[in-house]
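Undergrad: This is the content of upload.txt (compact mmCIF, C-alpha atoms):
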# COMPACT_ATOMS: atom_id res chain seq x y z
CA MET C 1 0.95 -16.41 34.39
CA LEU C 2 0.47 -19.97 33.18
CA THR C 3 3.47 -21.87 31.76
CA VAL C 4 2.92 -24.82 29.40
CA PRO C 5 5.75 -27.04 28.02
CA LEU C 6 5.80 -26.76 24.23
CA ALA C 7 6.35 -30.52 23.99
CA SER C 8 2.92 -31.07 25.56
CA LEU C 9 1.05 -29.12 22.87
CA PRO C 10 -0.52 -30.86 19.84
CA PRO C 11 1.11 -30.47 16.39
CA ASP C 12 -1.81 -28.37 15.14
CA PHE C 13 -1.66 -25.98 18.10
CA LEU C 14 -0.92 -22.94 15.92
CA ALA C 15 -4.01 -23.57 13.80
CA ARG C 16 -6.08 -23.98 16.96
CA VAL C 17 -4.73 -20.91 18.73
CA LEU C 18 -5.15 -18.66 15.67
CA ARG C 19 -8.74 -19.81 15.16
CA TRP C 20 -9.43 -19.14 18.83
CA ALA C 21 -7.71 -15.73 18.64
CA ALA C 22 -9.50 -14.69 15.44
CA GLY C 23 -12.76 -14.87 17.36
CA PHE C 24 -11.79 -11.65 19.18
CA ALA C 25 -12.39 -8.20 17.67
CA HIS C 26 -8.73 -7.33 18.32
CA CYS C 27 -6.08 -9.92 17.54
CA ALA C 28 -2.35 -9.54 16.85
CA TYR C 29 0.04 -12.40 16.12
CA PHE C 30 3.75 -12.00 15.42
CA GLU C 31 5.57 -14.92 13.77
CA PRO C 32 9.37 -15.25 13.36
CA ASN C 33 9.22 -18.69 11.69
CA GLY C 34 12.37 -19.81 13.50
CA LEU C 35 14.50 -17.86 11.02
CA GLU C 36 17.88 -16.38 11.73
CA TYR C 37 18.12 -12.65 11.05
CA PRO C 38 20.69 -9.98 11.97
CA ALA C 39 19.64 -8.69 15.41
CA GLY C 40 16.95 -11.39 15.50
CA PRO C 41 13.41 -11.68 14.09
CA PHE C 42 10.07 -10.91 15.78
CA ALA C 43 9.38 -12.46 19.15
CA ARG C 44 6.58 -15.01 18.82
CA LEU C 45 3.66 -13.27 20.49
CA LEU C 46 -0.13 -13.38 20.33
CA GLY C 47 -2.51 -10.91 21.95
CA VAL C 48 -6.31 -10.71 21.95
CA ALA C 49 -8.96 -8.38 23.34
CA ASP C 50 -12.74 -8.12 23.09
CA ASN C 51 -12.52 -4.33 23.03
CA ALA C 52 -9.95 -1.57 23.02
CA PRO C 53 -11.20 1.35 25.12
CA ASN C 54 -9.52 4.70 24.50
CA ALA C 55 -7.38 3.19 21.75
CA PRO C 56 -5.14 5.88 20.22
CA ARG C 57 -5.82 6.95 16.65
CA THR C 58 -2.93 9.39 16.18
CA LEU C 59 0.70 9.63 17.22
CA ALA C 60 -0.28 12.48 19.52
CA GLU C 61 -2.81 10.23 21.27
CA LEU C 62 -0.31 7.36 21.35
CA ARG C 63 2.14 9.56 23.25
CA GLN C 64 -0.53 10.21 25.93
CA TRP C 65 -1.34 6.50 26.20
CA PRO C 66 1.40 5.36 28.59
CA PRO C 67 2.41 1.79 29.44
CA ARG C 68 0.57 0.19 32.31
CA PRO C 69 2.72 0.57 35.43
CA VAL C 70 1.42 -2.59 37.11
CA ASP C 71 2.42 -5.36 34.73
CA ALA C 72 4.55 -6.33 31.73
CA THR C 73 1.73 -6.31 29.15
CA PRO C 74 2.97 -5.15 25.72
CA ARG C 75 1.03 -2.73 23.59
CA MET C 76 0.26 -4.19 20.15
CA GLY C 77 -0.83 -2.29 17.10
CA PHE C 78 -0.34 -0.92 13.64
CA LEU C 79 0.46 2.26 11.77
CA THR C 80 -0.86 2.73 8.25
CA TYR C 81 1.07 4.61 5.62
CA GLU C 82 -1.42 7.46 6.10
CA VAL C 83 0.22 8.39 9.43
CA LYS C 84 2.56 10.39 7.15
CA ASN C 85 -0.23 12.98 6.93
CA GLU C 86 0.10 13.66 10.66
CA ILE C 87 3.89 13.92 10.49
CA GLU C 88 4.18 16.08 7.38
CA GLN C 89 1.89 18.48 5.52
CA LEU C 90 0.61 15.76 3.20
CA HIS C 91 -2.77 14.37 2.20
CA SER C 92 -4.25 11.37 0.42
CA ALA C 93 -7.09 11.63 -2.06
CA ASN C 94 -6.73 8.29 -3.86
CA VAL C 95 -9.36 5.57 -3.52
CA SER C 96 -9.32 2.95 -0.79
CA GLY C 97 -11.34 -0.21 -0.52
CA LEU C 98 -9.97 -0.94 2.95
CA ASP C 99 -10.35 2.11 5.22
CA TRP C 100 -8.23 1.07 8.18
CA PRO C 101 -7.94 3.67 10.93
CA ALA C 102 -4.68 5.56 10.47
CA LEU C 103 -3.24 4.10 13.67
CA HIS C 104 -4.47 1.62 16.27
CA PHE C 105 -2.96 0.08 19.41
CA PHE C 106 -4.53 -2.06 22.11
CA TYR C 107 -3.65 -3.77 25.37
CA PRO C 108 -4.36 -7.51 25.10
CA GLN C 109 -6.56 -8.98 27.81
CA THR C 110 -4.78 -12.31 27.22
CA TRP C 111 -1.38 -12.66 25.60
CA LEU C 112 0.81 -15.61 24.75
CA TYR C 113 4.60 -15.59 24.59
CA TRP C 114 6.43 -18.54 23.03
CA ARG C 115 9.75 -19.13 24.77
CA LEU C 116 12.41 -21.69 23.82
CA ASP C 117 10.76 -24.65 25.53
CA ALA C 118 7.53 -23.29 26.98
CA LEU C 119 4.46 -21.23 26.19
CA GLU C 120 3.60 -18.48 28.65
CA ILE C 121 -0.04 -17.36 28.94
CA HIS C 122 -0.43 -13.94 30.57
CA GLY C 123 -3.30 -11.70 31.62
CA GLN C 124 -6.67 -13.42 31.85
CA THR C 125 -5.59 -17.07 31.88
CA ALA C 126 -8.58 -18.93 33.35
CA GLY C 127 -9.86 -21.51 30.87
CA VAL C 128 -7.75 -20.13 28.00
CA LEU C 129 -5.65 -23.22 27.29
CA GLU C 130 -8.72 -25.45 27.53
CA ALA C 131 -10.61 -23.18 25.09
CA ILE C 132 -7.72 -23.22 22.62
CA LEU C 133 -7.32 -27.00 22.73
CA ALA C 134 -11.09 -27.41 22.25
CA THR C 135 -11.09 -25.23 19.15
CA ALA C 136 -11.93 -27.26 16.06
CA VAL C 137 -9.62 -27.10 13.05
CA PRO C 138 -11.56 -27.71 9.85
CA PRO C 139 -9.70 -29.31 6.94
CA PRO C 140 -7.86 -26.70 4.84
CA MET C 141 -9.95 -25.39 2.00
CA PRO C 142 -8.53 -23.83 -1.14
CA PRO C 143 -9.42 -20.14 -1.16
CA PRO C 144 -11.85 -18.97 -3.83
CA VAL C 145 -9.80 -18.03 -6.86
CA PRO C 146 -10.38 -14.31 -7.15
CA VAL C 147 -10.52 -12.34 -10.36
CA LEU C 148 -7.76 -9.84 -9.64
CA THR C 149 -7.96 -6.38 -11.15
CA PRO C 150 -4.89 -4.14 -11.35
CA ARG C 151 -5.71 -0.65 -10.12
CA MET C 152 -3.01 0.53 -12.55
CA PRO C 153 -3.02 -1.29 -15.92
CA LYS C 154 0.41 -2.43 -17.05
CA ALA C 155 0.67 0.22 -19.78
CA ASP C 156 -0.06 2.95 -17.22
CA TYR C 157 2.53 1.49 -14.84
CA LEU C 158 5.19 1.51 -17.56
CA ALA C 159 4.29 5.11 -18.46
CA ALA C 160 4.53 6.11 -14.79
CA VAL C 161 8.04 4.64 -14.55
CA GLU C 162 9.11 6.72 -17.57
CA ALA C 163 7.55 9.84 -16.05
CA ILE C 164 9.39 9.24 -12.76
CA ARG C 165 12.67 8.81 -14.65
CA GLU C 166 12.01 12.25 -16.13
CA ASP C 167 11.34 13.63 -12.63
CA ILE C 168 14.68 12.21 -11.52
CA LEU C 169 16.41 13.80 -14.50
CA ASN C 170 14.82 17.11 -13.52
CA GLY C 171 16.13 16.83 -9.96
CA GLU C 172 12.80 16.22 -8.22
CA VAL C 173 13.96 13.00 -6.48
CA TYR C 174 16.86 10.55 -6.59
CA GLU C 175 14.69 7.47 -6.15
CA LEU C 176 10.97 6.79 -5.81
CA ASN C 177 9.17 3.65 -4.66
CA LEU C 178 6.25 3.14 -7.07
CA CYS C 179 3.57 0.70 -5.92
CA GLN C 180 0.47 -0.77 -7.50
CA GLU C 181 -2.59 -2.54 -6.15
CA PHE C 182 -4.25 -5.75 -7.30
CA TYR C 183 -7.73 -6.25 -5.84
CA ALA C 184 -10.83 -8.41 -5.94
CA GLU C 185 -14.35 -7.79 -4.69
CA ASN C 186 -17.08 -9.89 -3.10
CA ILE C 187 -14.60 -12.52 -1.90
CA ASN C 188 -15.44 -14.90 0.92
CA LEU C 189 -12.33 -16.47 2.41
CA ASP C 190 -11.10 -17.85 5.70
CA PRO C 191 -8.40 -15.40 6.90
CA VAL C 192 -6.77 -17.88 9.30
CA ASP C 193 -6.56 -20.63 6.71
CA VAL C 194 -5.13 -18.27 4.07
CA PHE C 195 -2.58 -16.88 6.54
CA LEU C 196 -1.40 -20.38 7.44
CA GLN C 197 -1.04 -21.21 3.74
CA LEU C 198 0.83 -17.96 3.08
CA ASN C 199 3.12 -18.53 6.04
CA ALA C 200 3.90 -22.05 4.82
CA THR C 201 4.47 -20.87 1.26
CA SER C 202 6.64 -17.90 2.18
CA PRO C 203 8.00 -18.12 5.76
CA ALA C 204 9.39 -14.77 6.84
CA PRO C 205 11.02 -13.37 9.99
CA PHE C 206 8.50 -10.53 10.43
CA ALA C 207 5.27 -12.29 9.54
CA GLY C 208 2.01 -11.55 11.28
CA PHE C 209 -1.75 -11.92 11.46
CA PHE C 210 -3.83 -8.95 12.58
CA ARG C 211 -7.55 -8.56 13.04
CA TYR C 212 -9.24 -5.22 13.65
CA HIS C 213 -12.99 -5.89 13.69
CA ASP C 214 -13.81 -6.85 10.05
CA HIS C 215 -10.33 -5.93 8.77
CA TYR C 216 -7.57 -8.53 8.45
CA LEU C 217 -3.88 -8.34 7.61
CA LEU C 218 -2.11 -11.53 6.48
CA CYS C 219 1.56 -10.61 6.42
CA ALA C 220 4.70 -12.44 5.21
CA SER C 221 7.18 -9.60 5.58
CA PRO C 222 10.95 -10.16 5.44
CA GLU C 223 11.74 -6.58 6.53
CA ARG C 224 12.37 -4.94 9.90
CA PHE C 225 11.47 -1.27 10.19
CA LEU C 226 12.68 -0.56 13.74
CA ALA C 227 13.85 -2.39 16.82
CA HIS C 228 14.76 -0.70 20.09
CA TYR C 229 16.44 -2.44 23.00
CA ASP C 230 18.00 0.17 25.24
CA PRO C 231 20.07 1.99 24.24
CA VAL C 232 20.30 0.74 20.63
CA ILE C 233 17.86 1.53 17.82
CA ILE C 234 18.14 -0.57 14.65
CA SER C 235 16.65 -0.19 11.17
CA GLN C 236 17.24 -2.69 8.35
CA PRO C 237 16.06 -1.40 4.96
CA ILE C 238 15.68 -3.85 2.10
CA LYS C 239 16.54 -2.62 -1.36
CA GLY C 240 17.64 -5.12 -3.98
CA THR C 241 15.77 -8.23 -5.11
CA ILE C 242 16.47 -11.18 -7.39
CA ARG C 243 14.77 -14.56 -7.74
CA ARG C 244 16.14 -17.76 -6.24
CA GLY C 245 17.73 -20.30 -8.55
CA THR C 246 16.34 -23.76 -9.26
CA THR C 247 19.73 -25.40 -8.61
CA PRO C 248 22.50 -24.57 -6.12
CA THR C 249 24.73 -23.41 -8.97
CA GLU C 250 22.09 -21.13 -10.48
CA ASP C 251 21.16 -19.86 -7.02
CA GLU C 252 24.76 -18.83 -6.31
CA GLN C 253 25.06 -17.21 -9.74
CA LEU C 254 21.95 -15.15 -9.07
CA ARG C 255 23.25 -14.16 -5.63
CA GLN C 256 26.49 -12.93 -7.18
CA THR C 257 24.50 -11.10 -9.88
CA LEU C 258 22.54 -9.22 -7.22
CA LEU C 259 25.68 -8.43 -5.23
CA ALA C 260 27.37 -6.95 -8.31
CA ASP C 261 24.30 -5.05 -9.62
CA GLU C 262 25.26 -1.37 -9.56
CA LYS C 263 21.65 -0.20 -9.80
CA GLU C 264 20.54 -2.31 -6.83
CA ARG C 265 23.55 -1.22 -4.77
CA ALA C 266 22.85 2.43 -5.61
CA GLU C 267 19.20 2.02 -4.54
CA ASN C 268 20.26 0.42 -1.28
CA LEU C 269 22.90 3.04 -0.53
CA MET C 270 20.50 5.94 -1.13
CA ILE C 271 18.02 4.51 1.37
CA VAL C 272 20.78 3.73 3.89
CA ASP C 273 21.79 7.40 3.75
CA LEU C 274 18.16 8.43 4.27
CA VAL C 275 17.80 6.08 7.27
CA ARG C 276 21.08 7.37 8.74
CA ASN C 277 19.75 10.91 8.51
CA ASP C 278 16.38 9.90 10.05
CA LEU C 279 18.01 8.13 12.99
CA ALA C 280 20.43 11.01 13.53
CA ARG C 281 17.44 13.16 14.53
CA VAL C 282 16.88 11.05 17.66
CA ALA C 283 20.34 9.57 18.26
CA ARG C 284 23.25 10.50 20.49
CA THR C 285 25.70 12.54 18.43
CA GLY C 286 28.23 10.39 16.63
CA THR C 287 26.56 7.03 17.32
CA VAL C 288 24.90 6.35 13.94
CA GLN C 289 26.67 3.41 12.31
CA VAL C 290 26.21 0.99 9.39
CA PRO C 291 27.52 -2.35 10.69
CA GLU C 292 26.40 -4.16 7.52
CA LEU C 293 26.04 -2.75 4.02
CA PHE C 294 24.67 -4.81 1.08
CA GLY C 295 24.12 -8.00 3.09
CA LEU C 296 22.50 -10.75 1.00
CA TYR C 297 19.89 -12.98 2.64
CA PRO C 298 17.94 -15.91 1.14
CA PHE C 299 14.16 -16.28 1.38
CA ARG C 300 11.88 -18.90 -0.14
CA HIS C 301 11.43 -17.11 -3.49
CA VAL C 302 13.99 -14.29 -3.56
CA TRP C 303 17.40 -13.05 -2.49
CA GLN C 304 17.21 -9.70 -0.71
CA MET C 305 19.87 -7.05 -0.22
CA ILE C 306 19.61 -5.84 3.37
CA SER C 307 21.65 -3.20 5.18
CA THR C 308 21.71 -2.53 8.92
CA VAL C 309 21.77 0.97 10.41
CA GLU C 310 21.99 1.42 14.16
CA ALA C 311 22.44 4.17 16.72
CA GLU C 312 22.10 4.93 20.42
CA LEU C 313 18.95 6.86 21.31
CA ARG C 314 19.13 10.06 23.30
CA PRO C 315 17.70 9.59 26.81
CA ASP C 316 15.01 12.27 26.25
CA VAL C 317 13.52 10.41 23.25
CA ASP C 318 10.48 8.09 23.37
CA MET C 319 8.87 5.75 20.83
CA VAL C 320 6.66 8.43 19.34
CA ASP C 321 9.70 10.68 18.79
CA VAL C 322 11.39 7.84 16.93
CA LEU C 323 8.32 7.17 14.79
CA ARG C 324 7.97 10.87 13.94
CA ALA C 325 11.63 10.97 12.88
CA THR C 326 11.60 7.81 10.77
CA PHE C 327 8.08 7.04 9.49
CA PRO C 328 7.28 6.13 6.77
CA MET C 329 10.33 3.95 6.23
CA GLY C 330 12.63 5.17 3.47
CA SER C 331 12.64 1.81 1.70
CA MET C 332 8.96 2.38 0.83
CA THR C 333 9.13 6.05 -0.15
CA GLY C 334 12.36 7.12 -1.85
CA ALA C 335 14.63 10.09 -1.43
CA PRO C 336 14.28 12.88 -0.56
CA LYS C 337 11.39 11.50 1.45
CA ILE C 338 8.84 14.34 1.47
CA ARG C 339 9.05 15.06 -2.25
CA ALA C 340 8.95 11.33 -2.96
CA MET C 341 5.73 11.00 -0.95
CA GLN C 342 4.17 13.92 -2.84
CA LEU C 343 4.98 12.25 -6.16
CA ILE C 344 3.77 8.86 -4.89
CA GLU C 345 0.36 10.42 -4.32
CA GLN C 346 0.44 11.77 -7.88
CA TYR C 347 1.44 8.54 -9.63
CA GLU C 348 -0.26 5.83 -7.59
CA ARG C 349 -3.98 5.09 -7.88
CA THR C 350 -4.69 3.69 -4.39
CA ARG C 351 -4.16 4.78 -0.82
CA ARG C 352 -1.70 2.29 0.60
CA GLY C 353 -3.46 1.71 3.90
CA LEU C 354 -1.49 -0.84 5.90
CA TYR C 355 0.77 -1.61 2.95
CA SER C 356 4.13 0.07 3.65
CA GLY C 357 2.88 0.74 7.15
CA SER C 358 3.85 -1.38 10.12
CA ILE C 359 2.66 -3.79 12.80
CA GLY C 360 4.54 -4.15 16.04
CA TYR C 361 4.62 -4.36 19.79
CA ALA C 362 6.05 -2.15 22.53
CA TRP C 363 7.15 -3.34 25.98
CA PRO C 364 6.66 -1.29 29.16
CA ASP C 365 10.45 -0.90 29.54
CA GLY C 366 10.60 1.09 26.26
CA GLY C 367 11.70 -1.72 23.96
CA PHE C 368 9.77 -2.15 20.72
CA GLU C 369 9.72 -3.97 17.36
CA PHE C 370 8.06 -2.91 14.12
CA ASN C 371 8.11 -4.53 10.68
CA VAL C 372 7.54 -3.16 7.19
CA ILE C 373 4.23 -4.39 5.80
CA ILE C 374 5.06 -5.86 2.41
CA ARG C 375 4.25 -9.26 0.81
CA SER C 376 0.85 -9.08 2.52
CA LEU C 377 -2.86 -9.53 1.88
CA GLN C 378 -5.43 -7.10 3.24
CA TYR C 379 -9.02 -8.28 3.53
CA ARG C 380 -12.39 -6.96 4.71
CA SER C 381 -14.81 -9.70 5.69
CA ASP C 382 -17.78 -7.29 5.77
CA THR C 383 -17.40 -6.18 2.14
CA GLY C 384 -15.38 -9.04 0.64
CA TYR C 385 -12.67 -6.66 -0.53
CA LEU C 386 -9.29 -8.39 -0.99
CA SER C 387 -6.13 -6.49 -1.86
CA PHE C 388 -2.40 -6.71 -2.14
CA GLN C 389 0.16 -4.19 -3.29
CA VAL C 390 3.67 -4.55 -4.66
CA GLY C 391 6.26 -2.03 -5.71
CA SER C 392 9.82 -1.36 -6.71
CA ALA C 393 12.31 1.46 -6.41
CA ILE C 394 12.58 3.60 -9.53
CA THR C 395 15.90 5.25 -10.35
CA TYR C 396 17.03 6.89 -13.55
CA ASP C 397 18.58 3.57 -14.60
CA SER C 398 15.28 1.72 -14.25
CA VAL C 399 13.94 -0.27 -17.20
CA PRO C 400 10.12 -0.15 -17.00
CA GLU C 401 9.54 -3.79 -18.04
CA ARG C 402 12.09 -5.03 -15.51
CA GLU C 403 10.45 -3.01 -12.73
CA TYR C 404 7.08 -4.54 -13.60
CA GLU C 405 8.62 -8.03 -13.54
CA GLU C 406 10.10 -7.28 -10.10
CA CYS C 407 6.63 -6.40 -8.82
CA LEU C 408 5.30 -9.76 -10.01
CA LEU C 409 8.28 -11.57 -8.46
CA LYS C 410 7.46 -9.99 -5.10
CA ALA C 411 3.81 -11.03 -5.53
CA ARG C 412 4.70 -14.63 -6.34
CA ALA C 413 3.84 -16.16 -2.96
CA LEU C 414 0.58 -14.20 -2.75
CA LEU C 415 -0.45 -15.33 -6.24
CA GLU C 416 0.47 -18.94 -5.40
CA VAL C 417 -1.69 -18.95 -2.29
CA LEU C 418 -4.61 -17.38 -4.16
CA LYS C 419 -4.11 -19.85 -7.04
CA VAL C 420 -3.97 -16.95 -9.48
CA LYS C 421 -1.77 -16.94 -12.59
CA TRP C 422 -0.54 -13.57 -13.83
Hey, can you dump this file as structure tokens for me?

TA:
Amino acid sequence: MLTVPLASLPPDFLARVLRWAAGFAHCAYFEPNGLEYPAGPFARLLGVADNAPNAPRTLAELRQWPPRPVDATPRMGFLTYEVKNEIEQLHSANVSGLDWPALHFFYPQTWLYWRLDALEIHGQTAGVLEAILATAVPPPMPPPVPVLTPRMPKADYLAAVEAIREDILNGEVYELNLCQEFYAENINLDPVDVFLQLNATSPAPFAGFFRYHDHYLLCASPERFLAHYDPVIISQPIKGTIRRGTTPTEDEQLRQTLLADEKERAENLMIVDLVRNDLARVARTGTVQVPELFGLYPFRHVWQMISTVEAELRPDVDMVDVLRATFPMGSMTGAPKIRAMQLIEQYERTRRGLYSGSIGYAWPDGGFEFNVIIRSLQYRSDTGYLSFQVGSAITYDSVPEREYEECLLKARALLEVLKVKW
């Protein structure tokens, strides 16, 4: 291990290290942005590898891919929404312009861990710091302004909300998370530059940059899916969104409006109940608790209503057991979960891919962290396909126009970075 004082690094070190890291076929960066968050944000980690031999592609393979016994190297990876098809008897026939593998993890050959005052470089360390510091940082370039196409025209989205309200009235589901894709084709952009712009525009506690060959994820997520630090497992679903105010007075008024909104509270409570039930499948009996319900937290563009559910894991349970019990996260599906996922396939036009999936890291001692992939761009450099998705929770009380406006509010930072007006 090589330890470097943070004070000795240049101000543009992050831009240099990400450009260096993006030169590897496998790259994972986790960014907490120095934000406070209940139970803490991501650790600030970066891992790279030229190749990923025997990388798991399913949960079953992930279970047989044990931690290395000889060192403290974390496993880094992602799960797409399509992992649901392995967990339940589900399928996906909608189009996809992205085609990520359903699941992918790798061991980094070199990994960096930002501590309070120092940067640790682990694994293959010879020449790494010198290579990073020698990496050129070109001046930031505005990304090409893409012509975004909605996969679901607004009129179709509004009609889908009304149809889901009818499903709710008929007892099919209580709540359903309806998402829509905006995409562009033949785009040539610099993924590192766009990620840095997105991270500056919308700093989030579970942000990340991921490269898998020609596939890139540029993530500004505010939401934790799971954290496990023995013996506690934590999930923090977000349900409830309102814009920030332009003055302190307006901002406080909007916060109080969100706190008092019966529809938003009902959405949040339904998902909290779902998460409690999911965690109960892997928890010690009687340990599932909700230490915070309807917590309100400020982000750059929005207030979010966040609840915390925690439990103690049974000693016979491993990470794959937890993922099988809880994935996909209830905040991105609805309740009851399986029927909601069946209806999602019916109403949505696009396979979600990494959207509403997760990136994360797992330590050899069994600890792990995973986010919820929202507020994110997905990009393929080989085809020029650029995509983002946004959604909202539909209940019987939903007003279609308001749900559409909520989608655009959640897309605000992405549209700002892409210089697109909508």

Undergrad: Excluding Asn371 (chain C) and any residue of its chain fewer than 5 positions from it, enumerate the residues within 8 Å of it, using all atoms listed in the file, and give them as an MDAnalysis selection string.

TA: chainID C and resid 206 221 223:226 358:360

Undergrad: Of the candidates C:Gly295, C:Val232, C:Phe30, C:Val275, which one gets nearest to Gln256 (chain C) if we count all atoms listed in the file?

TA: C:Gly295

Undergrad: Just how far from CA of Gly334 (chain C) is CA of Gln346 (chain C), in Å to one decimal?

TA: 14.1 Å

Undergrad: Using only C-alpha atoms, determine which residues lie at most 6 Å from region 215-218 of chain C, disregarding the query and same-chain residues fewer than 2 positions distant; provide the list as JSON, numbers by chain.

TA: {"C": [195, 209, 210, 211, 212, 213, 376, 377, 378, 379, 380]}

Undergrad: Have a look at C:Glu185, C:Asp365, C:Glu88, C:Glu175 and name the one nearest to His228 (chain C); count only C-alpha atoms.

TA: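 Counting only C-alpha atoms, the residue closest to His228 (chain C) is C:Asp365.
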
Undergrad: Go through C:Ala266, C:Asp321, C:Leu196, C:Ile121 one by one, measure the shortest atom-to-atom distance of each to Ala15 (chain C) using all atoms listed in the file, and give the residue with the smallest value.

TA: C:Leu196

Undergrad: Can you pull out every residue within 12 Å of Leu254 (chain C), counting all atoms listed in the file, but drop anything in the same chain fewer than 3 positions away, and send it as number ranges by chain?

TA: C: 241-251, 257-261, 296, 298, 302-304

Undergrad: Could you give me the centre and size, in Å to one decimal, of an axis-aligned box around all listed atoms of region 196-212 of chain C with 6 Å added on every side, as JSON?

TA:
{"center_x": 0.9, "center_y": -13.6, "center_z": 7.5, "size_x": 32.3, "size_y": 28.8, "size_z": 24.4}

Undergrad: Excluding Phe24 (chain C) and any residue of its chain fewer than 3 positions from it, enumerate the residues within 9 Å of it, using only C-alpha atoms, and give them as a list in words.

TA: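 Using only C-alpha atoms, the neighbours found are Trp20, Ala21, Cys27, Val48, Ala49, Asp50, Asn51, Arg211, Tyr212 and His213 of chain C.
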
Undergrad: Which residues are near Met141 (chain C)? Cut-off 8 Å, only C-alpha atoms, ignore same chain within fewer than 2 positions. Put them as a list in words.

TA: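 Contacts, in chain order: Pro139, Pro143 and Asp193 of chain C.
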